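File shown here: structure.csv, holding CSV, C-alpha atoms and all ligand atoms.
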```csv
chain,number,residue,atom,x,y,z
Z,1,MET,CA,58.1,40.7,-97.2
Z,2,THR,CA,55.3,42.6,-95.5
Z,3,GLU,CA,57.7,44.6,-93.4
Z,4,LEU,CA,58.0,48.4,-93.7
Z,5,THR,CA,60.0,48.9,-96.9
Z,6,PRO,CA,61.3,52.1,-98.4
Z,7,ASN,CA,59.9,53.2,-101.7
Z,8,ALA,CA,60.4,56.1,-104.0
Z,9,ALA,CA,57.5,58.2,-102.8
Z,10,GLY,CA,58.7,57.7,-99.2
Z,11,GLN,CA,62.0,59.3,-100.1
Z,12,GLY,CA,60.3,62.2,-101.9
Z,13,LEU,CA,61.1,60.8,-105.4
Z,14,CYS,CA,58.5,61.2,-108.0
Z,15,SER,CA,58.4,60.0,-111.6
Z,16,CYS,CA,56.9,62.2,-114.2
Z,17,HIS,CA,53.8,60.7,-115.8
Z,18,VAL,CA,54.6,62.3,-119.1
Z,19,CYS,CA,58.4,62.0,-119.7
Z,20,ASN,CA,59.2,59.5,-116.9
Z,21,LEU,CA,62.0,61.7,-115.4
Z,22,VAL,CA,62.5,60.9,-111.7
Z,23,SER,CA,62.9,64.0,-109.7
Z,24,ARG,CA,62.9,64.9,-106.0
Z,25,ARG,CA,59.7,66.6,-104.8
Z,26,GLY,CA,59.4,68.2,-101.4
Z,27,PRO,CA,56.2,67.2,-99.5
Z,28,GLU,CA,55.6,70.9,-98.6
Z,29,SER,CA,55.1,72.1,-102.1
Z,30,ALA,CA,51.4,71.7,-103.1
Z,31,GLN,CA,51.9,71.9,-106.8
Z,32,ALA,CA,55.2,70.6,-108.2
Z,33,HIS,CA,56.2,70.5,-111.9
Z,34,CYS,CA,58.6,68.3,-113.7
Z,35,PRO,CA,61.9,70.1,-114.2
Z,36,ARG,CA,62.3,68.7,-117.7
Z,37,CYS,CA,58.9,68.8,-119.4
Z,38,GLY,CA,56.8,71.0,-117.0
Z,39,ALA,CA,54.0,68.5,-116.4
Z,40,SER,CA,52.6,68.5,-112.9
Z,41,LEU,CA,54.0,65.9,-110.6
Z,42,HIS,CA,52.1,63.4,-108.5
Z,43,PHE,CA,53.3,60.6,-106.2
Z,44,ARG,CA,50.1,58.6,-107.2
Z,45,LYS,CA,47.5,59.1,-109.9
Z,46,PRO,CA,45.4,61.9,-108.4
Z,47,GLY,CA,41.8,61.0,-107.6
Z,48,SER,CA,42.3,57.5,-108.9
Z,49,VAL,CA,40.2,55.8,-106.2
Z,50,ALA,CA,37.2,58.2,-106.6
Z,51,ARG,CA,37.3,58.0,-110.4
Z,52,CYS,CA,37.6,54.2,-110.2
Z,53,TRP,CA,34.6,54.1,-107.9
Z,54,ALA,CA,32.5,56.3,-110.1
Z,55,LEU,CA,33.2,54.2,-113.2
Z,56,LEU,CA,32.6,51.0,-111.3
Z,57,LEU,CA,29.3,52.1,-109.9
Z,58,ALA,CA,28.1,53.1,-113.4
Z,59,ALA,CA,29.2,49.6,-114.6
Z,60,TYR,CA,27.3,47.9,-111.8
Z,61,ILE,CA,24.1,49.9,-112.6
Z,62,LEU,CA,24.4,49.1,-116.3
Z,63,TYR,CA,25.0,45.4,-115.6
Z,64,ILE,CA,21.3,45.2,-114.6
Z,65,PRO,CA,19.8,46.3,-118.0
Z,66,ALA,CA,22.6,44.4,-119.8
Z,67,ASN,CA,21.2,41.2,-118.3
Z,68,LEU,CA,17.5,42.1,-118.2
Z,69,LEU,CA,17.0,43.8,-121.5
Z,70,THR,CA,16.8,42.2,-124.9
Z,71,ILE,CA,20.3,41.7,-126.3
Z,72,MET,CA,19.0,40.7,-129.7
Z,73,GLU,CA,15.9,40.2,-131.7
Z,74,THR,CA,15.6,37.5,-134.2
Z,75,GLY,CA,12.8,37.1,-136.7
Z,76,SER,CA,12.1,34.9,-139.6
Z,77,LEU,CA,9.0,34.1,-141.6
Z,78,PHE,CA,7.7,31.7,-139.0
Z,79,SER,CA,9.0,32.9,-135.7
Z,80,TYR,CA,10.1,35.9,-133.8
Z,81,ARG,CA,12.2,35.9,-130.6
Z,82,ARG,CA,13.6,38.4,-128.2
Z,83,ASP,CA,16.6,37.1,-126.2
Z,84,THR,CA,18.3,38.3,-123.1
Z,85,ILE,CA,21.8,37.0,-122.4
Z,86,MET,CA,20.4,34.3,-120.1
Z,87,SER,CA,17.5,33.2,-122.4
Z,88,GLY,CA,20.0,33.0,-125.3
Z,89,VAL,CA,22.3,30.8,-123.2
Z,90,ILE,CA,19.3,28.6,-122.3
Z,91,GLN,CA,18.2,28.4,-125.9
Z,92,LEU,CA,21.7,27.4,-127.0
Z,93,TRP,CA,21.8,24.7,-124.3
Z,94,ASN,CA,18.3,23.4,-125.2
Z,95,THR,CA,19.3,23.1,-128.9
Z,96,GLY,CA,22.3,21.0,-127.9
Z,97,SER,CA,25.1,23.6,-128.4
Z,98,TYR,CA,26.4,22.9,-124.9
Z,99,ALA,CA,30.0,24.1,-125.5
Z,100,ILE,CA,28.8,27.4,-127.0
Z,101,ALA,CA,26.3,27.9,-124.2
Z,102,VAL,CA,29.0,27.5,-121.6
Z,103,VAL,CA,31.4,29.9,-123.4
Z,104,VAL,CA,28.7,32.5,-123.8
Z,105,PHE,CA,27.7,32.2,-120.2
Z,106,ILE,CA,31.3,32.5,-118.9
Z,107,ALA,CA,32.2,35.3,-121.2
Z,108,SER,CA,29.1,37.4,-120.8
Z,109,VAL,CA,27.8,36.8,-117.3
Z,110,THR,CA,30.6,35.4,-115.1
Z,111,ILE,CA,33.7,37.3,-116.3
Z,112,PRO,CA,32.1,40.8,-116.3
Z,113,LEU,CA,30.7,40.2,-112.8
Z,114,LEU,CA,34.0,38.8,-111.5
Z,115,LYS,CA,35.9,41.8,-112.8
Z,116,LEU,CA,33.4,44.2,-111.1
Z,117,ILE,CA,33.7,42.3,-107.8
Z,118,SER,CA,37.5,42.1,-108.0
Z,119,LEU,CA,37.8,45.8,-108.5
Z,120,THR,CA,35.4,46.6,-105.7
Z,121,MET,CA,37.4,44.4,-103.4
Z,122,LEU,CA,40.7,46.1,-104.4
Z,123,LEU,CA,39.2,49.6,-103.9
Z,124,VAL,CA,37.7,48.7,-100.4
Z,125,SER,CA,41.0,47.1,-99.3
Z,126,VAL,CA,43.0,50.1,-100.5
Z,127,GLN,CA,40.7,52.6,-98.8
Z,128,ARG,CA,40.9,50.7,-95.5
Z,129,ARG,CA,44.7,50.6,-95.9
Z,130,SER,CA,44.5,46.9,-95.6
Z,131,LYS,CA,47.7,44.9,-95.2
Z,132,TRP,CA,46.1,41.7,-96.2
Z,133,ARG,CA,47.9,39.6,-98.9
Z,134,PRO,CA,49.3,42.5,-101.0
Z,135,ARG,CA,51.0,40.1,-103.4
Z,136,GLN,CA,47.7,38.2,-104.1
Z,137,ARG,CA,45.8,41.5,-104.5
Z,138,THR,CA,48.4,42.8,-107.0
Z,139,GLN,CA,48.1,39.5,-108.9
Z,140,LEU,CA,44.3,39.9,-108.9
Z,141,TYR,CA,44.7,43.4,-110.3
Z,142,ARG,CA,47.1,42.1,-113.0
Z,143,MET,CA,44.5,39.5,-113.9
Z,144,VAL,CA,41.7,42.0,-114.2
Z,145,GLU,CA,43.9,44.1,-116.4
Z,146,PHE,CA,44.8,41.1,-118.5
Z,147,VAL,CA,41.2,40.1,-118.9
Z,148,GLY,CA,40.5,43.7,-119.8
Z,149,ARG,CA,42.5,43.3,-123.0
Z,150,TRP,CA,40.2,40.4,-123.9
Z,151,SER,CA,37.0,42.1,-122.8
Z,152,MET,CA,35.9,42.6,-126.4
Z,153,LEU,CA,35.6,38.8,-126.4
Z,154,ASP,CA,32.3,39.3,-124.5
Z,155,ILE,CA,31.0,41.4,-127.3
Z,156,TYR,CA,32.5,39.1,-129.9
Z,157,VAL,CA,30.5,36.2,-128.4
Z,158,VAL,CA,27.3,38.1,-128.7
Z,159,THR,CA,28.1,38.8,-132.3
Z,160,LEU,CA,28.9,35.2,-132.8
Z,161,LEU,CA,25.5,34.3,-131.3
Z,162,ALA,CA,23.8,36.6,-133.8
Z,163,ALA,CA,25.8,35.0,-136.6
Z,164,LEU,CA,24.9,31.5,-135.5
Z,165,VAL,CA,21.2,32.3,-135.4
Z,166,ARG,CA,21.4,34.0,-138.8
Z,167,LEU,CA,22.8,30.8,-140.3
Z,168,GLY,CA,20.5,28.5,-142.1
Z,169,ASN,CA,17.4,30.5,-142.7
Z,170,ILE,CA,16.2,33.8,-144.0
Z,171,ALA,CA,16.2,35.7,-140.8
Z,172,THR,CA,16.7,39.1,-139.4
Z,173,VAL,CA,19.0,39.6,-136.4
Z,174,LYS,CA,19.0,42.9,-134.6
Z,175,ALA,CA,20.9,43.9,-131.5
Z,176,GLY,CA,18.7,45.1,-128.8
Z,177,PRO,CA,19.2,47.8,-126.1
Z,178,GLY,CA,20.7,45.2,-123.8
Z,179,ALA,CA,23.7,45.0,-126.2
Z,180,LEU,CA,24.4,48.7,-125.8
Z,181,ALA,CA,24.2,48.4,-122.0
Z,182,PHE,CA,26.5,45.3,-122.1
Z,183,GLY,CA,29.1,47.1,-124.2
Z,184,ALA,CA,29.0,50.0,-121.8
Z,185,VAL,CA,29.6,47.6,-118.9
Z,186,VAL,CA,32.7,46.2,-120.6
Z,187,VAL,CA,34.1,49.6,-121.5
Z,188,LEU,CA,33.4,51.2,-118.1
Z,189,THR,CA,35.0,48.3,-116.3
Z,190,MET,CA,38.1,48.6,-118.6
Z,191,PHE,CA,38.3,52.3,-117.8
Z,192,ALA,CA,37.9,51.7,-114.1
Z,193,SER,CA,40.7,49.2,-114.0
Z,194,MET,CA,42.9,51.7,-115.9
Z,195,GLN,CA,42.2,54.3,-113.3
Z,196,PHE,CA,43.2,52.2,-110.4
Z,197,ASP,CA,46.7,52.8,-109.2
Z,198,PRO,CA,48.1,49.4,-108.0
Z,199,ARG,CA,50.9,51.1,-106.0
Z,200,LEU,CA,48.2,52.1,-103.5
Z,201,ILE,CA,48.1,48.4,-102.5
Z,202,TRP,CA,51.6,48.7,-101.2
Z,203,ASP,CA,51.4,52.1,-99.6
Z,204,PRO,CA,50.3,50.8,-96.1
Z,205,PHE,CA,53.7,49.0,-95.9
Z,206,GLN,CA,55.7,52.2,-95.9
Z,207,LYS,CA,56.4,54.6,-93.1
Z,208,GLU,CA,54.9,57.8,-94.3
Z,209,ARG,CA,54.0,59.5,-97.5
Z,210,ASN,CA,52.8,63.0,-98.2
Z,211,SER,CA,49.9,63.2,-100.7
C,1,ZN,ZN,58.3,65.3,-117.3
```
Go through the file and emit its structure as structure tokens.
Amino acid sequence: MTELTPNAAGQGLCSCHVCNLVSRRGPESAQAHCPRCGASLHFRKPGSVARCWALLLAAYILYIPANLLTIMETGSLFSYRRDTIMSGVIQLWNTGSYAIAVVVFIASVTIPLLKLISLTMLLVSVQRRSKWRPRQRTQLYRMVEFVGRWSMLDIYVVTLLAALVRLGNIATVKAGPGALAFGAVVVLTMFASMQFDPRLIWDPFQKERNS
């Protein structure tokens, strides 16, 4: 399975990103264009690793304020609270909403972090042209992509949290700056995983490829 295998790029075949026409592209020509629609041809998404890194680093940086800043402010006649994600989870736990506390913790702390770590690991392994477990790494990428579709669940959970607090009394609930940072983390991670080209995982298994 992990022997050297021929692939399209190795044989100079390139599929157009716009119209999907497969055409032959010589390695010597720097800039090739699709014979059918005229779009420029690339064997792999150009600059995908660099772009993925940039988005990922931005997501890592914003992950800190997302967890440290107030995600929501709640006030009523008698009390006023500012909650970060963690203090919200602890509050839910202390008031006996164990299931919701666990869901919120997993959706808004664990999953975003796991996505960031998975993408980092994929990028590092691709840059080192690692031949370690390509199938599992491809599956990992698929999982990150799949979770990406459900990423808004994280934000939904925060909204749910706000709604739950709002229930029962005359209160005001306001999203804090942490919510903005948190949303940015989710969106940046989604863009980062879209930038990554999973074919790069399999490139070390093929004899040679030009650009
Ligand atoms: Zn085309």
Test item: residues at most 8 Å from Ala175 in chain Z, all atoms listed in the file, excluding those fewer than 5 positions along its chain, as a list in words: Thr70, Ile71, Met72 and Glu73 of chain Z
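Straight-line separation from CA of Thr172 in chain Z to CA of Val89 in chain Z: 19.0 Å.
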Considering all atoms listed in the file, give me a table of residues in range 25-104 of chain Z that are at most 8 Å from range 18-21 of chain Z, with the closest atom pair and distance in Å for each, as CSV.
```
residue,atom,partner,partner_atom,distance
Z:Cys34,CA,Z:Leu21,CA,7.6
Z:Arg36,CA,Z:Leu21,CA,7.4
Z:Cys37,CA,Z:Cys19,CA,6.8
Z:Ala39,CA,Z:Val18,CA,6.8
```
Protein and nucleic acid residues near (36.4, 57.4, -106.2) (cut-off 10 Å, all atoms listed in the file) as JSON, numbers by chain: {"Z": [47, 48, 49, 50, 51, 52, 53, 54, 55, 56, 57, 123, 127, 192, 195, 196]}
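The space separating CA of Lys115 in chain Z from CA of Gly148 in chain Z comes to 8.6 Å.
When all atoms listed in the file are used to measure the gap to Leu160 in chain Z, the shortest distance among Z:Lys45, Z:Gly88, Z:Ser79, Z:Asp197 belongs to Z:Gly88.
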Pick from Z:Pro204, Z:Pro177, Z:Gly75, Z:Pro65, whichever lies nearest to Val126 in chain Z using all atoms listed in the file: Z:Pro204
Expected answer as an NGL selection string: all residues with atoms within 12 Å of (17.2, 32.0, -121.2), only C-alpha atoms: :Z and (67-71 or 81-95 or 101 or 104-105)
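For the pair atom ZN of ligand ZN 1 (chain C) and CA of Arg199 in chain Z, the interatomic distance is 19.6 Å.
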Which residue of Z:Met143, Z:Leu41, Z:Leu200, Z:Met194 approaches Ile111 in chain Z most closely, using only C-alpha atoms: Z:Met143
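Closest approach to ligand ZN 1 (chain C) among Z:Gly38, Z:Gly183, Z:Gly10, Z:Pro112 is made by Z:Gly38 (distances from all atoms listed in the file).
When all atoms listed in the file are used to compute distances to Arg135 in chain Z, the closest of the residues Z:Ile201, Z:Ala8, Z:Val187, Z:Leu13 turns out to be Z:Ile201.
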Option closest in space to ligand ZN 1 (chain C), from Z:Ile100, Z:Leu122, Z:Cys14, Z:Val173 [counting only C-alpha atoms and all ligand atoms]: Z:Cys14
Atom completion result for range 96-122 of chain Z (N, CA and C atoms) as a PDB file, keeping the file's coordinate frame:
```pdb
ATOM      1  N   GLY Z  96      21.209  21.939-127.898  1.00  0.00           N
ATOM      2  CA  GLY Z  96      22.300  21.000-127.900  1.00  0.00           C
ATOM      3  C   GLY Z  96      23.694  21.602-128.123  1.00  0.00           C
ATOM      4  N   SER Z  97      23.773  22.947-128.216  1.00  0.00           N
ATOM      5  CA  SER Z  97      25.100  23.600-128.400  1.00  0.00           C
ATOM      6  C   SER Z  97      25.663  23.844-126.969  1.00  0.00           C
ATOM      7  N   TYR Z  98      26.013  22.757-126.289  1.00  0.00           N
ATOM      8  CA  TYR Z  98      26.400  22.900-124.900  1.00  0.00           C
ATOM      9  C   TYR Z  98      27.702  23.715-124.737  1.00  0.00           C
ATOM     10  N   ALA Z  99      28.702  23.434-125.583  1.00  0.00           N
ATOM     11  CA  ALA Z  99      30.000  24.100-125.500  1.00  0.00           C
ATOM     12  C   ALA Z  99      29.797  25.643-125.670  1.00  0.00           C
ATOM     13  N   ILE Z 100      29.054  25.989-126.704  1.00  0.00           N
ATOM     14  CA  ILE Z 100      28.800  27.400-127.000  1.00  0.00           C
ATOM     15  C   ILE Z 100      28.060  28.074-125.855  1.00  0.00           C
ATOM     16  N   ALA Z 101      27.063  27.353-125.333  1.00  0.00           N
ATOM     17  CA  ALA Z 101      26.300  27.900-124.200  1.00  0.00           C
ATOM     18  C   ALA Z 101      27.179  28.206-123.028  1.00  0.00           C
ATOM     19  N   VAL Z 102      28.104  27.294-122.731  1.00  0.00           N
ATOM     20  CA  VAL Z 102      29.000  27.500-121.600  1.00  0.00           C
ATOM     21  C   VAL Z 102      29.936  28.692-121.860  1.00  0.00           C
ATOM     22  N   VAL Z 103      30.485  28.773-123.071  1.00  0.00           N
ATOM     23  CA  VAL Z 103      31.400  29.900-123.400  1.00  0.00           C
ATOM     24  C   VAL Z 103      30.667  31.220-123.296  1.00  0.00           C
ATOM     25  N   VAL Z 104      29.461  31.273-123.845  1.00  0.00           N
ATOM     26  CA  VAL Z 104      28.700  32.500-123.800  1.00  0.00           C
ATOM     27  C   VAL Z 104      28.395  32.900-122.351  1.00  0.00           C
ATOM     28  N   PHE Z 105      28.012  31.908-121.551  1.00  0.00           N
ATOM     29  CA  PHE Z 105      27.700  32.200-120.200  1.00  0.00           C
ATOM     30  C   PHE Z 105      28.901  32.731-119.409  1.00  0.00           C
ATOM     31  N   ILE Z 106      30.041  32.063-119.585  1.00  0.00           N
ATOM     32  CA  ILE Z 106      31.300  32.500-118.900  1.00  0.00           C
ATOM     33  C   ILE Z 106      31.685  33.879-119.356  1.00  0.00           C
ATOM     34  N   ALA Z 107      31.705  34.082-120.675  1.00  0.00           N
ATOM     35  CA  ALA Z 107      32.200  35.300-121.200  1.00  0.00           C
ATOM     36  C   ALA Z 107      31.294  36.517-120.944  1.00  0.00           C
ATOM     37  N   SER Z 108      29.978  36.265-120.956  1.00  0.00           N
ATOM     38  CA  SER Z 108      29.100  37.400-120.800  1.00  0.00           C
ATOM     39  C   SER Z 108      28.406  37.600-119.513  1.00  0.00           C
ATOM     40  N   VAL Z 109      28.427  36.599-118.654  1.00  0.00           N
ATOM     41  CA  VAL Z 109      27.800  36.800-117.300  1.00  0.00           C
ATOM     42  C   VAL Z 109      28.865  36.701-116.243  1.00  0.00           C
ATOM     43  N   THR Z 110      29.644  35.615-116.220  1.00  0.00           N
ATOM     44  CA  THR Z 110      30.600  35.400-115.100  1.00  0.00           C
ATOM     45  C   THR Z 110      31.740  36.369-115.104  1.00  0.00           C
ATOM     46  N   ILE Z 111      32.454  36.478-116.248  1.00  0.00           N
ATOM     47  CA  ILE Z 111      33.700  37.300-116.300  1.00  0.00           C
ATOM     48  C   ILE Z 111      33.403  38.768-115.972  1.00  0.00           C
ATOM     49  N   PRO Z 112      32.399  39.388-116.621  1.00  0.00           N
ATOM     50  CA  PRO Z 112      32.100  40.800-116.300  1.00  0.00           C
ATOM     51  C   PRO Z 112      31.837  40.998-114.789  1.00  0.00           C
ATOM     52  N   LEU Z 113      31.075  40.078-114.206  1.00  0.00           N
ATOM     53  CA  LEU Z 113      30.700  40.200-112.800  1.00  0.00           C
ATOM     54  C   LEU Z 113      31.958  40.014-111.908  1.00  0.00           C
ATOM     55  N   LEU Z 114      32.784  39.018-112.251  1.00  0.00           N
ATOM     56  CA  LEU Z 114      34.000  38.800-111.500  1.00  0.00           C
ATOM     57  C   LEU Z 114      34.934  39.988-111.523  1.00  0.00           C
ATOM     58  N   LYS Z 115      35.004  40.624-112.691  1.00  0.00           N
ATOM     59  CA  LYS Z 115      35.900  41.800-112.800  1.00  0.00           C
ATOM     60  C   LYS Z 115      35.335  42.926-111.903  1.00  0.00           C
ATOM     61  N   LEU Z 116      34.016  43.119-111.897  1.00  0.00           N
ATOM     62  CA  LEU Z 116      33.400  44.200-111.100  1.00  0.00           C
ATOM     63  C   LEU Z 116      33.701  43.877-109.579  1.00  0.00           C
ATOM     64  N   ILE Z 117      33.506  42.621-109.171  1.00  0.00           N
ATOM     65  CA  ILE Z 117      33.700  42.300-107.800  1.00  0.00           C
ATOM     66  C   ILE Z 117      35.174  42.410-107.371  1.00  0.00           C
ATOM     67  N   SER Z 118      36.089  41.984-108.260  1.00  0.00           N
ATOM     68  CA  SER Z 118      37.500  42.100-108.000  1.00  0.00           C
ATOM     69  C   SER Z 118      37.926  43.550-107.756  1.00  0.00           C
ATOM     70  N   LEU Z 119      37.475  44.429-108.645  1.00  0.00           N
ATOM     71  CA  LEU Z 119      37.800  45.800-108.500  1.00  0.00           C
ATOM     72  C   LEU Z 119      37.246  46.452-107.245  1.00  0.00           C
ATOM     73  N   THR Z 120      36.012  46.064-106.920  1.00  0.00           N
ATOM     74  CA  THR Z 120      35.400  46.600-105.700  1.00  0.00           C
ATOM     75  C   THR Z 120      36.218  46.162-104.492  1.00  0.00           C
ATOM     76  N   MET Z 121      36.619  44.897-104.485  1.00  0.00           N
ATOM     77  CA  MET Z 121      37.400  44.400-103.400  1.00  0.00           C
ATOM     78  C   MET Z 121      38.744  45.103-103.258  1.00  0.00           C
ATOM     79  N   LEU Z 122      39.380  45.370-104.401  1.00  0.00           N
ATOM     80  CA  LEU Z 122      40.700  46.100-104.400  1.00  0.00           C
ATOM     81  C   LEU Z 122      40.471  47.514-103.854  1.00  0.00           C
TER      82      LEU Z 122
END
```
